[in-house]
$ cat entry.pdb   # PDB, C-alpha atoms
MODEL        1
ATOM      1  CA  MET A   1       0.000   0.000   0.000
ATOM      2  CA  ALA A   2       1.359   3.366  -0.993
ATOM      3  CA  LEU A   3       2.056   5.757   1.827
ATOM      4  CA  LEU A   4       0.386   9.127   1.740
ATOM      5  CA  THR A   5       3.413  11.389   1.830
ATOM      6  CA  GLU A   6       4.292  14.726   0.291
ATOM      7  CA  GLU A   7       5.332  14.685  -3.351
ATOM      8  CA  PRO A   8       9.035  13.983  -3.725
ATOM      9  CA  THR A   9      11.247  16.769  -5.014
ATOM     10  CA  PHE A  10      13.576  15.792  -7.812
ATOM     11  CA  ASP A  11      15.409  19.097  -7.969
ATOM     12  CA  ARG A  12      18.237  17.846  -5.802
ATOM     13  CA  PRO A  13      21.716  16.471  -6.349
ATOM     14  CA  ILE A  14      21.830  12.725  -6.885
ATOM     15  CA  ALA A  15      23.417  10.823  -4.027
ATOM     16  CA  GLY A  16      27.121  10.594  -4.739
ATOM     17  CA  GLN A  17      27.041  13.324  -7.367
ATOM     18  CA  SER A  18      29.907  15.087  -5.631
ATOM     19  CA  LEU A  19      32.061  12.046  -6.350
ATOM     20  CA  THR A  20      31.360  11.998 -10.079
ATOM     21  CA  ALA A  21      34.204  14.380 -10.924
ATOM     22  CA  GLU A  22      37.628  12.859 -11.015
ATOM     23  CA  LEU A  23      39.560  13.309  -7.801
ATOM     24  CA  GLY A  24      41.755  16.351  -8.232
ATOM     25  CA  GLY A  25      39.657  17.576 -11.118
ATOM     26  CA  ARG A  26      38.493  20.601  -9.153
ATOM     27  CA  PRO A  27      40.807  23.496  -8.292
ATOM     28  CA  TRP A  28      40.074  23.236  -4.564
ATOM     29  CA  GLN A  29      41.083  19.569  -4.561
ATOM     30  CA  ASN A  30      44.617  20.448  -5.585
ATOM     31  CA  ALA A  31      47.382  22.139  -3.648
ATOM     32  CA  PRO A  32      46.657  25.876  -3.407
ATOM     33  CA  GLN A  33      48.686  28.382  -5.348
ATOM     34  CA  TYR A  34      49.610  30.239  -2.141
ATOM     35  CA  SER A  35      50.066  28.184   0.959
ATOM     36  CA  THR A  36      51.101  30.657   3.657
ATOM     37  CA  VAL A  37      49.202  33.578   5.142
ATOM     38  CA  ASP A  38      51.924  36.003   4.117
ATOM     39  CA  GLU A  39      51.674  34.918   0.504
ATOM     40  CA  VAL A  40      47.896  35.177   0.601
ATOM     41  CA  LEU A  41      48.053  38.664   2.125
ATOM     42  CA  ASP A  42      50.541  39.751  -0.531
ATOM     43  CA  PHE A  43      48.213  38.388  -3.203
ATOM     44  CA  TYR A  44      45.261  40.353  -1.848
ATOM     45  CA  MET A  45      47.286  43.528  -1.322
ATOM     46  CA  GLU A  46      48.436  43.420  -4.905
ATOM     47  CA  SER A  47      45.076  42.595  -6.434
ATOM     48  CA  MET A  48      43.226  45.112  -4.275
ATOM     49  CA  SER A  49      45.639  47.894  -5.142
ATOM     50  CA  SER A  50      44.712  47.902  -8.813
ATOM     51  CA  GLU A  51      42.638  50.803 -10.059
ATOM     52  CA  ASP A  52      40.067  48.514 -11.670
ATOM     53  CA  PHE A  53      39.434  46.741  -8.407
ATOM     54  CA  MET A  54      39.187  49.990  -6.459
ATOM     55  CA  LEU A  55      36.572  51.428  -8.800
ATOM     56  CA  GLN A  56      34.516  48.246  -8.784
ATOM     57  CA  ALA A  57      34.752  47.857  -5.010
ATOM     58  CA  VAL A  58      33.655  51.453  -4.417
ATOM     59  CA  ASP A  59      30.672  50.927  -6.738
ATOM     60  CA  ILE A  60      29.675  47.757  -4.891
ATOM     61  CA  LEU A  61      30.030  49.415  -1.480
ATOM     62  CA  GLU A  62      27.962  52.359  -2.657
ATOM     63  CA  MET A  63      25.218  49.928  -3.627
ATOM     64  CA  GLY A  64      24.945  48.966   0.043
ATOM     65  CA  VAL A  65      26.634  45.587   0.008
ATOM     66  CA  PRO A  66      28.110  44.992   3.478
ATOM     67  CA  ILE A  67      31.884  44.730   3.708
ATOM     68  CA  THR A  68      31.639  41.397   5.534
ATOM     69  CA  THR A  69      29.667  39.900   2.643
ATOM     70  CA  LEU A  70      32.006  41.279   0.002
ATOM     71  CA  ALA A  71      35.146  40.114   1.823
ATOM     72  CA  ASN A  72      33.727  36.650   2.400
ATOM     73  CA  THR A  73      32.648  36.341  -1.221
ATOM     74  CA  MET A  74      36.107  37.357  -2.410
ATOM     75  CA  GLN A  75      37.919  34.826  -0.296
ATOM     76  CA  MET A  76      35.439  32.047  -1.100
ATOM     77  CA  ALA A  77      35.847  32.694  -4.822
ATOM     78  CA  ASN A  78      39.606  32.426  -4.496
ATOM     79  CA  VAL A  79      39.265  29.188  -2.517
ATOM     80  CA  MET A  80      37.124  27.793  -5.339
ATOM     81  CA  GLU A  81      39.698  28.862  -7.900
ATOM     82  CA  GLY A  82      42.443  27.143  -5.939
ATOM     83  CA  VAL A  83      44.350  30.334  -5.142
ATOM     84  CA  HIS A  84      44.536  29.593  -1.429
ATOM     85  CA  SER A  85      43.067  27.218   1.110
ATOM     86  CA  ILE A  86      40.039  28.049   3.203
ATOM     87  CA  ASP A  87      42.221  28.240   6.344
ATOM     88  CA  THR A  88      44.499  30.938   5.003
ATOM     89  CA  GLY A  89      41.475  32.674   3.503
ATOM     90  CA  MET A  90      39.812  32.857   6.898
ATOM     91  CA  LEU A  91      42.964  34.288   8.408
ATOM     92  CA  ALA A  92      43.194  36.897   5.682
ATOM     93  CA  LEU A  93      39.557  37.981   6.046
ATOM     94  CA  PRO A  94      40.156  40.815   8.563
ATOM     95  CA  VAL A  95      42.854  42.323   6.347
ATOM     96  CA  ILE A  96      40.578  42.137   3.302
ATOM     97  CA  MET A  97      37.841  43.861   5.283
ATOM     98  CA  GLU A  98      40.188  46.568   6.530
ATOM     99  CA  MET A  99      41.425  47.172   2.992
ATOM    100  CA  LEU A 100      37.849  47.530   1.751
ATOM    101  CA  MET A 101      37.120  49.988   4.560
ATOM    102  CA  LEU A 102      40.254  51.897   3.595
ATOM    103  CA  LEU A 103      38.997  52.068   0.021
ATOM    104  CA  GLY A 104      35.601  53.291   1.227
ATOM    105  CA  ASP A 105      37.144  55.935   3.455
ATOM    106  CA  SER A 106      39.519  57.078   0.719
ATOM    107  CA  ALA A 107      36.598  57.458  -1.680
ATOM    108  CA  LYS A 108      34.640  59.260   1.083
ATOM    109  CA  ILE A 109      31.552  57.123   0.664
ATOM    110  CA  GLU A 110      29.037  55.786   3.149
ATOM    111  CA  TYR A 111      29.337  52.037   3.457
ATOM    112  CA  ASP A 112      27.917  49.235   5.554
ATOM    113  CA  LYS A 113      30.522  47.397   7.590
ATOM    114  CA  GLY A 114      28.150  44.541   8.272
ATOM    115  CA  LEU A 115      29.329  44.269  11.862
ATOM    116  CA  GLU A 116      26.170  45.598  13.463
ATOM    117  CA  GLU A 117      23.162  43.470  14.308
ATOM    118  CA  LYS A 118      20.540  44.436  11.721
ATOM    119  CA  ASN A 119      17.511  42.711  13.224
ATOM    120  CA  PRO A 120      17.697  42.882  16.988
ATOM    121  CA  LYS A 121      15.503  40.378  18.722
ATOM    122  CA  THR A 122      12.033  41.804  19.167
ATOM    123  CA  ARG A 123      11.434  42.505  22.808
ATOM    124  CA  ASP A 124       8.283  41.211  24.448
ATOM    125  CA  SER A 125       7.817  44.599  26.123
ATOM    126  CA  LEU A 126       7.884  46.281  22.711
ATOM    127  CA  LEU A 127       5.223  43.914  21.392
ATOM    128  CA  ALA A 128       3.055  44.577  24.464
ATOM    129  CA  LYS A 129       3.451  48.320  23.935
ATOM    130  CA  PHE A 130       2.292  48.124  20.304
ATOM    131  CA  ALA A 131      -0.616  45.838  21.265
ATOM    132  CA  SER A 132      -1.874  48.304  23.873
ATOM    133  CA  GLN A 133      -1.521  51.210  21.403
ATOM    134  CA  TYR A 134      -3.526  49.250  18.835
ATOM    135  CA  GLU A 135      -6.246  48.505  21.377
ATOM    136  CA  GLU A 136      -6.499  52.209  22.244
ATOM    137  CA  VAL A 137      -6.924  53.098  18.570
ATOM    138  CA  LEU A 138      -9.629  50.425  18.226
ATOM    139  CA  ASP A 139     -11.484  51.757  21.272
ATOM    140  CA  GLU A 140     -11.433  55.302  19.945
ATOM    141  CA  THR A 141     -12.701  54.319  16.498
ATOM    142  CA  ASP A 142     -16.456  54.159  15.987
ATOM    143  CA  LEU A 143     -16.547  50.994  13.902
ATOM    144  CA  GLU A 144     -20.337  50.936  13.404
ATOM    145  CA  ALA A 145     -20.409  54.447  11.964
ATOM    146  CA  THR A 146     -17.516  53.672   9.647
ATOM    147  CA  ILE A 147     -19.185  50.507   8.380
ATOM    148  CA  LYS A 148     -22.474  52.361   7.852
ATOM    149  CA  ASN A 149     -20.733  55.110   5.855
ATOM    150  CA  ASP A 150     -19.016  52.518   3.695
ATOM    151  CA  ASP A 151     -22.340  50.760   3.052
ATOM    152  CA  ASP A 152     -23.980  54.044   2.030
ATOM    153  CA  GLU A 153     -21.200  54.767  -0.427
ATOM    154  CA  VAL A 154     -21.487  51.319  -1.975
ATOM    155  CA  GLN A 155     -25.277  51.667  -2.307
ATOM    156  CA  GLN A 156     -24.842  55.048  -3.986
ATOM    157  CA  GLU A 157     -22.383  53.587  -6.511
ATOM    158  CA  ILE A 158     -24.810  50.768  -7.326
ATOM    159  CA  LYS A 159     -27.641  53.227  -7.887
ATOM    160  CA  GLU A 160     -25.586  55.365 -10.250
ATOM    161  CA  GLU A 161     -24.897  52.451 -12.611
ATOM    162  CA  PRO A 162     -26.615  52.831 -16.005
ATOM    163  CA  SER A 163     -29.485  50.450 -16.447
ATOM    164  CA  GLY A 164     -30.348  50.787 -20.165
ATOM    165  CA  LEU A 165     -29.831  47.922 -22.591
ATOM    166  CA  MET A 166     -27.589  49.985 -24.847
ATOM    167  CA  ALA A 167     -25.694  51.532 -21.939
ATOM    168  CA  ARG A 168     -22.014  51.051 -22.007
ATOM    169  CA  ARG A 169     -20.610  49.050 -19.125
ATOM    170  CA  ASP A 170     -17.031  49.334 -17.850
TER     171      ASP A 170
ATOM    172  CA  MET B   1      26.617  39.822  12.732
ATOM    173  CA  SER B   2      25.484  40.776   9.308
ATOM    174  CA  GLN B   3      24.403  37.348   8.123
ATOM    175  CA  PRO B   4      24.154  34.025   9.803
ATOM    176  CA  GLY B   5      26.943  31.840   8.495
ATOM    177  CA  ASN B   6      29.199  34.706   7.454
ATOM    178  CA  PRO B   7      32.407  34.316   9.460
ATOM    179  CA  ALA B   8      33.923  37.611   8.348
ATOM    180  CA  ALA B   9      32.417  39.694  11.138
ATOM    181  CA  ALA B  10      33.524  37.268  13.839
ATOM    182  CA  ALA B  11      37.022  37.034  12.362
ATOM    183  CA  TYR B  12      37.301  40.816  12.239
ATOM    184  CA  ILE B  13      36.018  41.434  15.744
ATOM    185  CA  ASN B  14      38.123  38.671  17.263
ATOM    186  CA  MET B  15      41.364  40.168  15.972
ATOM    187  CA  ASP B  16      41.129  42.767  18.759
ATOM    188  CA  ILE B  17      44.170  44.711  17.595
ATOM    189  CA  GLU B  18      43.467  47.593  19.977
ATOM    190  CA  ASN B  19      44.642  45.438  22.848
ATOM    191  CA  MET B  20      47.637  44.000  21.046
ATOM    192  CA  LYS B  21      50.948  44.386  22.809
ATOM    193  CA  GLU B  22      53.254  47.039  21.410
ATOM    194  CA  GLU B  23      56.657  46.129  20.116
ATOM    195  CA  THR B  24      59.336  48.256  21.696
ATOM    196  CA  SER B  25      62.851  48.622  20.425
ATOM    197  CA  ALA B  26      65.570  48.329  23.065
ATOM    198  CA  LYS B  27      68.332  50.871  22.795
ATOM    199  CA  SER B  28      71.828  49.546  23.073
ATOM    200  CA  THR B  29      74.316  51.540  25.037
ATOM    201  CA  GLY B  30      77.399  51.150  22.871
ATOM    202  CA  LEU B  31      78.174  53.385  19.930
ATOM    203  CA  LEU B  32      78.467  50.544  17.489
ATOM    204  CA  GLY B  33      75.762  48.544  19.138
ATOM    205  CA  ARG B  34      73.030  47.077  17.065
ATOM    206  CA  ILE B  35      69.500  48.279  17.668
ATOM    207  CA  SER B  36      67.571  45.102  17.999
ATOM    208  CA  LYS B  37      63.887  44.555  18.463
ATOM    209  CA  ASN B  38      62.832  43.445  21.865
ATOM    210  CA  THR B  39      61.281  40.057  21.527
ATOM    211  CA  SER B  40      60.107  39.809  25.089
ATOM    212  CA  THR B  41      56.731  41.441  24.408
ATOM    213  CA  GLY B  42      54.874  38.176  24.354
ATOM    214  CA  LEU B  43      54.086  38.416  20.648
ATOM    215  CA  ASP B  44      54.616  35.125  18.917
ATOM    216  CA  VAL B  45      55.564  36.174  15.401
ATOM    217  CA  SER B  46      55.533  32.583  14.245
ATOM    218  CA  ASN B  47      51.787  32.628  14.838
ATOM    219  CA  PRO B  48      50.068  33.533  11.525
ATOM    220  CA  ALA B  49      47.275  35.363  13.362
ATOM    221  CA  VAL B  50      49.832  37.701  14.951
ATOM    222  CA  ARG B  51      51.331  38.487  11.572
ATOM    223  CA  VAL B  52      47.853  39.189  10.216
ATOM    224  CA  ALA B  53      47.153  41.437  13.203
ATOM    225  CA  LYS B  54      50.327  43.386  12.507
ATOM    226  CA  GLN B  55      49.308  43.972   8.888
ATOM    227  CA  LEU B  56      45.845  44.901  10.058
ATOM    228  CA  LYS B  57      47.269  47.435  12.472
ATOM    229  CA  VAL B  58      49.259  49.137   9.723
ATOM    230  CA  ILE B  59      46.179  49.459   7.505
ATOM    231  CA  ARG B  60      44.061  50.632  10.457
ATOM    232  CA  LYS B  61      46.624  53.320  11.226
ATOM    233  CA  HIS B  62      46.489  54.512   7.637
ATOM    234  CA  ARG B  63      42.697  54.483   7.721
ATOM    235  CA  ASN B  64      42.660  56.498  10.936
ATOM    236  CA  GLU B  65      44.956  59.047   9.328
ATOM    237  CA  ILE B  66      42.526  59.399   6.426
ATOM    238  CA  ASN B  67      39.617  59.834   8.815
ATOM    239  CA  GLY B  68      41.560  62.313  10.926
ATOM    240  CA  LEU B  69      41.541  60.094  13.976
ATOM    241  CA  THR B  70      44.408  59.454  16.315
ATOM    242  CA  ASP B  71      45.331  56.032  17.722
TER     243      ASP B  71
ENDMDL
END

$ encode --input "entry.pdb" --output "structure tokens"
Amino acid sequence: MALLTEEPTFDRPIAGQSLTAELGGRPWQNAPQYSTVDEVLDFYMESMSSEDFMLQAVDILEMGVPITTLANTMQMANVMEGVHSIDTGMLALPVIMEMLMLLGDSAKIEYDKGLEEKNPKTRDSLLAKFASQYEEVLDETDLEATIKNDDDEVQQEIKEEPSGLMARRD
Amino acid sequence: MSQPGNPAAAAYINMDIENMKEETSAKSTGLLGRISKNTSTGLDVSNPAVRVAKQLKVIRKHRNEINGLTD
């Protein structure tokens, strides 16, 4: 007997799909291009000092992308390309962030560091405050009169509709 | 943190370079004496994180200069 379950989703990787590529066929499965933190930092310093990068980075920061997100994306991309390992990338993250902040400050733009908590946990006291304010507004509003006014307006609109056979309807 | 799962913010905050020990150079007394760096500050330069912190401090100093702040 078939079990009544939710429909299966087929939009998923097949089990073992990650093993279908030949071992070492991916850049991150090989030895990284730079293996020490100093080499990785030199790589980032050099690449981030180019004018092209500076212009692009300033544009991205101006769009409101947080520095944490940008820095993490940069280092993850380089891990995927086999430039450095994820360990050295993690160690280099603060320097990448500081460099991006330096670029932002040099360009005198407003940027989001991404270090602040964007959605602080909603306090119960705050919820209670809004609930009481809402109740006060409800008490002050004469609901019956409002509903009656709305009904009158609707009736008026119905009456104004043309009734002739040849009348044009919207 | 900006996003759950983004380690950049934690990595940045945990560097804590404001409280990093300063390296002081010890003056030698002789005329031909070599000025050597004092290694007794507790900083382990063989630690990659310390080397990163040093680089970070240099960039921070430059950034503070741009912003007109003092250390």

$ closest_residue --input "entry.pdb" --among "B:Glu22, B:Ile66, B:Ala8, B:Ile17" --to "Ala53 in chain B" --atoms "all atoms listed in the file"
B:Ile17

$ closest_atom_pairs --input "entry.pdb" --of "chain B" --to "chain A" --cutoff "10 Å" --atoms "only C-alpha atoms" --output "JSON lines"
{"residue": "B:Met1", "atom": "CA", "partner": "A:Glu117", "partner_atom": "CA", "distance": 5.3}
{"residue": "B:Ser2", "atom": "CA", "partner": "A:Gly114", "partner_atom": "CA", "distance": 4.7}
{"residue": "B:Gln3", "atom": "CA", "partner": "A:Thr69", "partner_atom": "CA", "distance": 8.0}
{"residue": "B:Asn6", "atom": "CA", "partner": "A:Asn72", "partner_atom": "CA", "distance": 7.1}
{"residue": "B:Pro7", "atom": "CA", "partner": "A:Asn72", "partner_atom": "CA", "distance": 7.6}
{"residue": "B:Ala8", "atom": "CA", "partner": "A:Thr68", "partner_atom": "CA", "distance": 5.2}
{"residue": "B:Ala9", "atom": "CA", "partner": "A:Leu115", "partner_atom": "CA", "distance": 5.6}
{"residue": "B:Ala10", "atom": "CA", "partner": "A:Leu115", "partner_atom": "CA", "distance": 8.4}
{"residue": "B:Ala11", "atom": "CA", "partner": "A:Pro94", "partner_atom": "CA", "distance": 6.2}
{"residue": "B:Tyr12", "atom": "CA", "partner": "A:Pro94", "partner_atom": "CA", "distance": 4.7}
{"residue": "B:Ile13", "atom": "CA", "partner": "A:Leu115", "partner_atom": "CA", "distance": 8.2}
{"residue": "B:Asn14", "atom": "CA", "partner": "A:Pro94", "partner_atom": "CA", "distance": 9.2}
{"residue": "B:Met15", "atom": "CA", "partner": "A:Pro94", "partner_atom": "CA", "distance": 7.5}
{"residue": "B:Pro48", "atom": "CA", "partner": "A:Val37", "partner_atom": "CA", "distance": 6.4}
{"residue": "B:Ala49", "atom": "CA", "partner": "A:Leu91", "partner_atom": "CA", "distance": 6.7}
{"residue": "B:Arg51", "atom": "CA", "partner": "A:Asp38", "partner_atom": "CA", "distance": 7.9}
{"residue": "B:Val52", "atom": "CA", "partner": "A:Ala92", "partner_atom": "CA", "distance": 6.9}
{"residue": "B:Ala53", "atom": "CA", "partner": "A:Val95", "partner_atom": "CA", "distance": 8.1}
{"residue": "B:Lys54", "atom": "CA", "partner": "A:Val95", "partner_atom": "CA", "distance": 9.7}
{"residue": "B:Gln55", "atom": "CA", "partner": "A:Val95", "partner_atom": "CA", "distance": 7.1}
{"residue": "B:Leu56", "atom": "CA", "partner": "A:Val95", "partner_atom": "CA", "distance": 5.4}
{"residue": "B:Lys57", "atom": "CA", "partner": "A:Val95", "partner_atom": "CA", "distance": 9.1}
{"residue": "B:Val58", "atom": "CA", "partner": "A:Val95", "partner_atom": "CA", "distance": 9.9}
{"residue": "B:Ile59", "atom": "CA", "partner": "A:Glu98", "partner_atom": "CA", "distance": 6.7}
{"residue": "B:Arg60", "atom": "CA", "partner": "A:Glu98", "partner_atom": "CA", "distance": 6.9}
{"residue": "B:His62", "atom": "CA", "partner": "A:Leu102", "partner_atom": "CA", "distance": 7.9}
{"residue": "B:Arg63", "atom": "CA", "partner": "A:Leu102", "partner_atom": "CA", "distance": 5.4}
{"residue": "B:Asn64", "atom": "CA", "partner": "A:Leu102", "partner_atom": "CA", "distance": 9.0}
{"residue": "B:Ile66", "atom": "CA", "partner": "A:Ser106", "partner_atom": "CA", "distance": 6.9}
{"residue": "B:Asn67", "atom": "CA", "partner": "A:Asp105", "partner_atom": "CA", "distance": 7.1}

$ atom_distance --input "entry.pdb" --atom1 "CA of Tyr34 in chain A" --atom2 "CA of Met54 in chain A"
22.7 Å

$ atom_distance --input "entry.pdb" --atom1 "CA of Leu23 in chain A" --atom2 "CA of Phe43 in chain A"
26.9 Å

$ atom_distance --input "entry.pdb" --atom1 "CA of Ser35 in chain A" --atom2 "CA of Val79 in chain A"
11.4 Å
